[in-house]
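Here is the structure we will look at.
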Amino acid sequence: MLGLGTYKIGQTDNDVYNAVRTALDLGYRHIDTATLYMNEAPIGKAVRESGIPREDIFVTTKLWGDDIVKNRIQEAFDESMRLLNIGYVDLYLVHWVVKGKHVSAWREMETIYASGKAKAIGVSNHLQHHLEDILDVAGVIPAANQIEMHPYLTLDDLVDYCTDNSIVCEAWSPLGSSKVPLLDEKILKEIGAKYGKSPAQVVLRWNMERGVVAIPKSSNKERQAANIDIFNFELTPEDMQLIGSLNKTYHTGMHPDEIEF
């Protein structure tokens, strides 16, 4: 339910390696990467050298849109497997919708799933209408949909749709970004004060209680430790409603209907 995001997590491979090792030492067991991030090799090394059994660590990577456009989905997956060098991936995602190709891409994802080298397949940055197109033809239901989600962008209808169709929602940028002062919100500070928790911890707990997996990014040991320290309190229904009331339908990243490859 709580993972480590690794987009732009460090300046060097060694920074990435150290961040992942620190997170694993703190108890994280879910590491999220992607072809785009160009850090699969140090992440795989950190997993291999952690001393933790492979089956106890959940690793996600993603297929970049250019590889869909170039009809090299299998080749891209093979490259990720070679760079990670961890035997298999637990979850392989289509990173973004490529217009006109999201259904055909999904069929190739199903072929990868059948190989056993990806234990689960899913999508990222897909809205309901994209998912409907896929579900119309899918032999394998997407296991997950990872999308930008935080109290300024709650996506309640999409969460409900995914839940109804047995698709797990995952939130990237769950704490907002430097573009928006989400963690300065008075509501989050007041709720956190009741439980001795920070606004960030409140938001991550809000995700979890909605059934949404959160993957905050941090290479800082103290912040990593704080982010995972959310399993010893619960929010009330009133808390959940107040946090949800912050929704502004505000995207800090690209809107899934607007990206072009």
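Labels used: A, B, ... for chains in the order of the structure tokens, numbers from 1 for residues in each chain, and numbers from 1 for ligands as shown.
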
Report task. Give the strand (DSSP E or B) residues of range 75-254 of chain A, as DSSP finds them on the backbone, and put them as a count of residues only. Result -> 25

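Those residues that approach range 214-219 of chain A to within 7 Å, counting only C-alpha atoms, are A:Met1, A:Leu2, A:Gly3, A:Leu4, A:Gly5, A:Thr6, A:Ile9, A:Ala19, A:Glu170, A:Ala171, A:Trp172, A:Ser173, A:Pro174, A:Leu175, A:Leu204, A:Asn207, A:Arg223, A:Gln224; same-chain residues fewer than 3 positions away are not listed.
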
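Using only C-alpha atoms for every distance, the candidate list A:Val16, A:Val98, A:Ile86, A:Ile73 yields A:Val16 as the residue closest to Asn39 in chain A.
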
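Look at Arg29 in chain A: the protein and nucleic acid residues within 10 Å of it, using only C-alpha atoms and passing over chain neighbours fewer than 6 places away, are A:Met1, A:Leu2, A:Gly3, A:Leu4, A:Val20, A:Ala23, A:Val47, A:Ile52, A:Arg54, A:Glu55, A:Asp56, A:Ile57, A:Phe58, A:Val59.
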
Selection file, N, CA and C atoms, as a PDB file, in the first residue's frame:
```pdb
ATOM      1  N   MET A   1       0.814  -1.225   0.000  1.00  0.00           N
ATOM      2  CA  MET A   1       0.000   0.000   0.000  1.00  0.00           C
ATOM      3  C   MET A   1       0.841   1.267   0.000  1.00  0.00           C
ATOM      4  N   LEU A   2       2.116   1.154   0.373  1.00  0.00           N
ATOM      5  CA  LEU A   2       3.001   2.315   0.341  1.00  0.00           C
ATOM      6  C   LEU A   2       4.302   1.907  -0.339  1.00  0.00           C
ATOM      7  N   GLY A   3       4.653   2.612  -1.404  1.00  0.00           N
ATOM      8  CA  GLY A   3       5.882   2.295  -2.130  1.00  0.00           C
ATOM      9  C   GLY A   3       6.802   3.490  -2.202  1.00  0.00           C
ATOM     10  N   LEU A   4       7.946   3.266  -2.820  1.00  0.00           N
ATOM     11  CA  LEU A   4       8.918   4.332  -3.040  1.00  0.00           C
ATOM     12  C   LEU A   4       8.912   4.703  -4.513  1.00  0.00           C
ATOM     13  N   VAL A  20      17.290   3.558  -2.573  1.00  0.00           N
ATOM     14  CA  VAL A  20      16.507   2.324  -2.536  1.00  0.00           C
ATOM     15  C   VAL A  20      16.975   1.419  -1.397  1.00  0.00           C
ATOM     16  N   ALA A  23      15.567   2.792   1.794  1.00  0.00           N
ATOM     17  CA  ALA A  23      14.134   2.516   1.906  1.00  0.00           C
ATOM     18  C   ALA A  23      13.882   1.054   2.268  1.00  0.00           C
ATOM     19  N   VAL A  47      18.089  -4.018  -5.148  1.00  0.00           N
ATOM     20  CA  VAL A  47      17.224  -5.138  -4.773  1.00  0.00           C
ATOM     21  C   VAL A  47      18.047  -6.411  -4.596  1.00  0.00           C
ATOM     22  N   ILE A  52      17.332  -9.119   1.090  1.00  0.00           N
ATOM     23  CA  ILE A  52      15.906  -9.446   1.267  1.00  0.00           C
ATOM     24  C   ILE A  52      15.506 -10.412   0.164  1.00  0.00           C
ATOM     25  N   ARG A  54      13.931 -12.082  -2.906  1.00  0.00           N
ATOM     26  CA  ARG A  54      13.306 -11.419  -4.066  1.00  0.00           C
ATOM     27  C   ARG A  54      11.799 -11.419  -3.971  1.00  0.00           C
ATOM     28  N   GLU A  55      11.221 -12.529  -3.516  1.00  0.00           N
ATOM     29  CA  GLU A  55       9.759 -12.633  -3.495  1.00  0.00           C
ATOM     30  C   GLU A  55       9.115 -11.705  -2.469  1.00  0.00           C
ATOM     31  N   ASP A  56       9.915 -11.103  -1.607  1.00  0.00           N
ATOM     32  CA  ASP A  56       9.383 -10.180  -0.597  1.00  0.00           C
ATOM     33  C   ASP A  56       9.376  -8.731  -1.070  1.00  0.00           C
ATOM     34  N   ILE A  57       9.926  -8.474  -2.264  1.00  0.00           N
ATOM     35  CA  ILE A  57       9.996  -7.111  -2.778  1.00  0.00           C
ATOM     36  C   ILE A  57       9.149  -7.015  -4.040  1.00  0.00           C
ATOM     37  N   PHE A  58       8.321  -5.979  -4.102  1.00  0.00           N
ATOM     38  CA  PHE A  58       7.418  -5.754  -5.238  1.00  0.00           C
ATOM     39  C   PHE A  58       8.002  -4.644  -6.100  1.00  0.00           C
ATOM     40  N   VAL A  59       8.380  -4.998  -7.320  1.00  0.00           N
ATOM     41  CA  VAL A  59       9.026  -4.042  -8.224  1.00  0.00           C
ATOM     42  C   VAL A  59       8.130  -3.772  -9.428  1.00  0.00           C
TER      43      VAL A  59
END
```

Query raised in the report: What's the 12 Å shell around Lys186 in chain A, counting only C-alpha atoms, without same-chain residues fewer than 2 positions away, as number ranges by chain?
Result: A: 181-184, 188-193, 198-199, 242-243, 246

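Interatomic distance, CA of Met109 in chain A to CA of Leu24 in chain A: 28.5 Å.
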
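Close contacts of Val97 in chain A, defined as residues with an atom at most 7 Å away when counting only C-alpha atoms, with chain neighbours fewer than 3 positions off set aside, comprise His102, Asn125, His126 and Pro256 of chain A.
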
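Closest approach to Val159 in chain A among A:Gly51, A:Val140, A:Thr111, A:Gly211: A:Gly211, based on only C-alpha atoms.
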
Report task. Write down as a PyMOL selection string the residues belonging to range 156-223 of chain A that are assigned helix (DSSP H, G or I) by DSSP computed on the backbone. Result -> chain A and resi 156-164+182-184+186-195+199-209+221-223

Quick one: everything within 7 Å of Tyr88 in chain A, counting only C-alpha atoms, minus sequence neighbours fewer than 5 positions away in the same chain. Send it as a short mmCIF file (atom, residue, chain, number, x, y, z; two decimals) with all heavy atoms, in the first residue's frame.
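Final file, around-v4.cif:
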```cif
data_model
loop_
_atom_site.label_atom_id
_atom_site.label_comp_id
_atom_site.auth_asym_id
_atom_site.auth_seq_id
_atom_site.Cartn_x
_atom_site.Cartn_y
_atom_site.Cartn_z
N MET A 81 14.08 -5.77 -18.39
CA MET A 81 14.45 -6.99 -17.68
C MET A 81 15.97 -7.13 -17.56
O MET A 81 16.50 -7.53 -16.52
CB MET A 81 13.87 -8.21 -18.40
CG MET A 81 12.36 -8.32 -18.34
SD MET A 81 11.78 -8.67 -16.66
CE MET A 81 12.39 -10.34 -16.47
N LYS A 117 7.13 -13.50 -17.11
CA LYS A 117 8.21 -12.59 -16.67
C LYS A 117 7.67 -11.33 -16.01
O LYS A 117 8.42 -10.62 -15.35
CB LYS A 117 9.09 -12.23 -17.86
CG LYS A 117 9.86 -13.43 -18.42
CD LYS A 117 10.68 -13.03 -19.63
CE LYS A 117 11.41 -14.24 -20.21
NZ LYS A 117 12.18 -13.88 -21.43
N ALA A 118 6.39 -11.05 -16.20
CA ALA A 118 5.70 -9.99 -15.47
C ALA A 118 4.56 -10.66 -14.70
O ALA A 118 3.67 -11.25 -15.31
CB ALA A 118 5.16 -8.93 -16.41
#
```

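Nearest residue to Phe261 in chain A, choosing from A:Asp156, A:Asp67, A:Asp15, A:Glu40 and counting only C-alpha atoms: A:Asp67.
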
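Proximity of A:Gly196, A:Leu135, A:Tyr92, A:Val202 to Gln74 in chain A, computed with only C-alpha atoms, is greatest for A:Tyr92.
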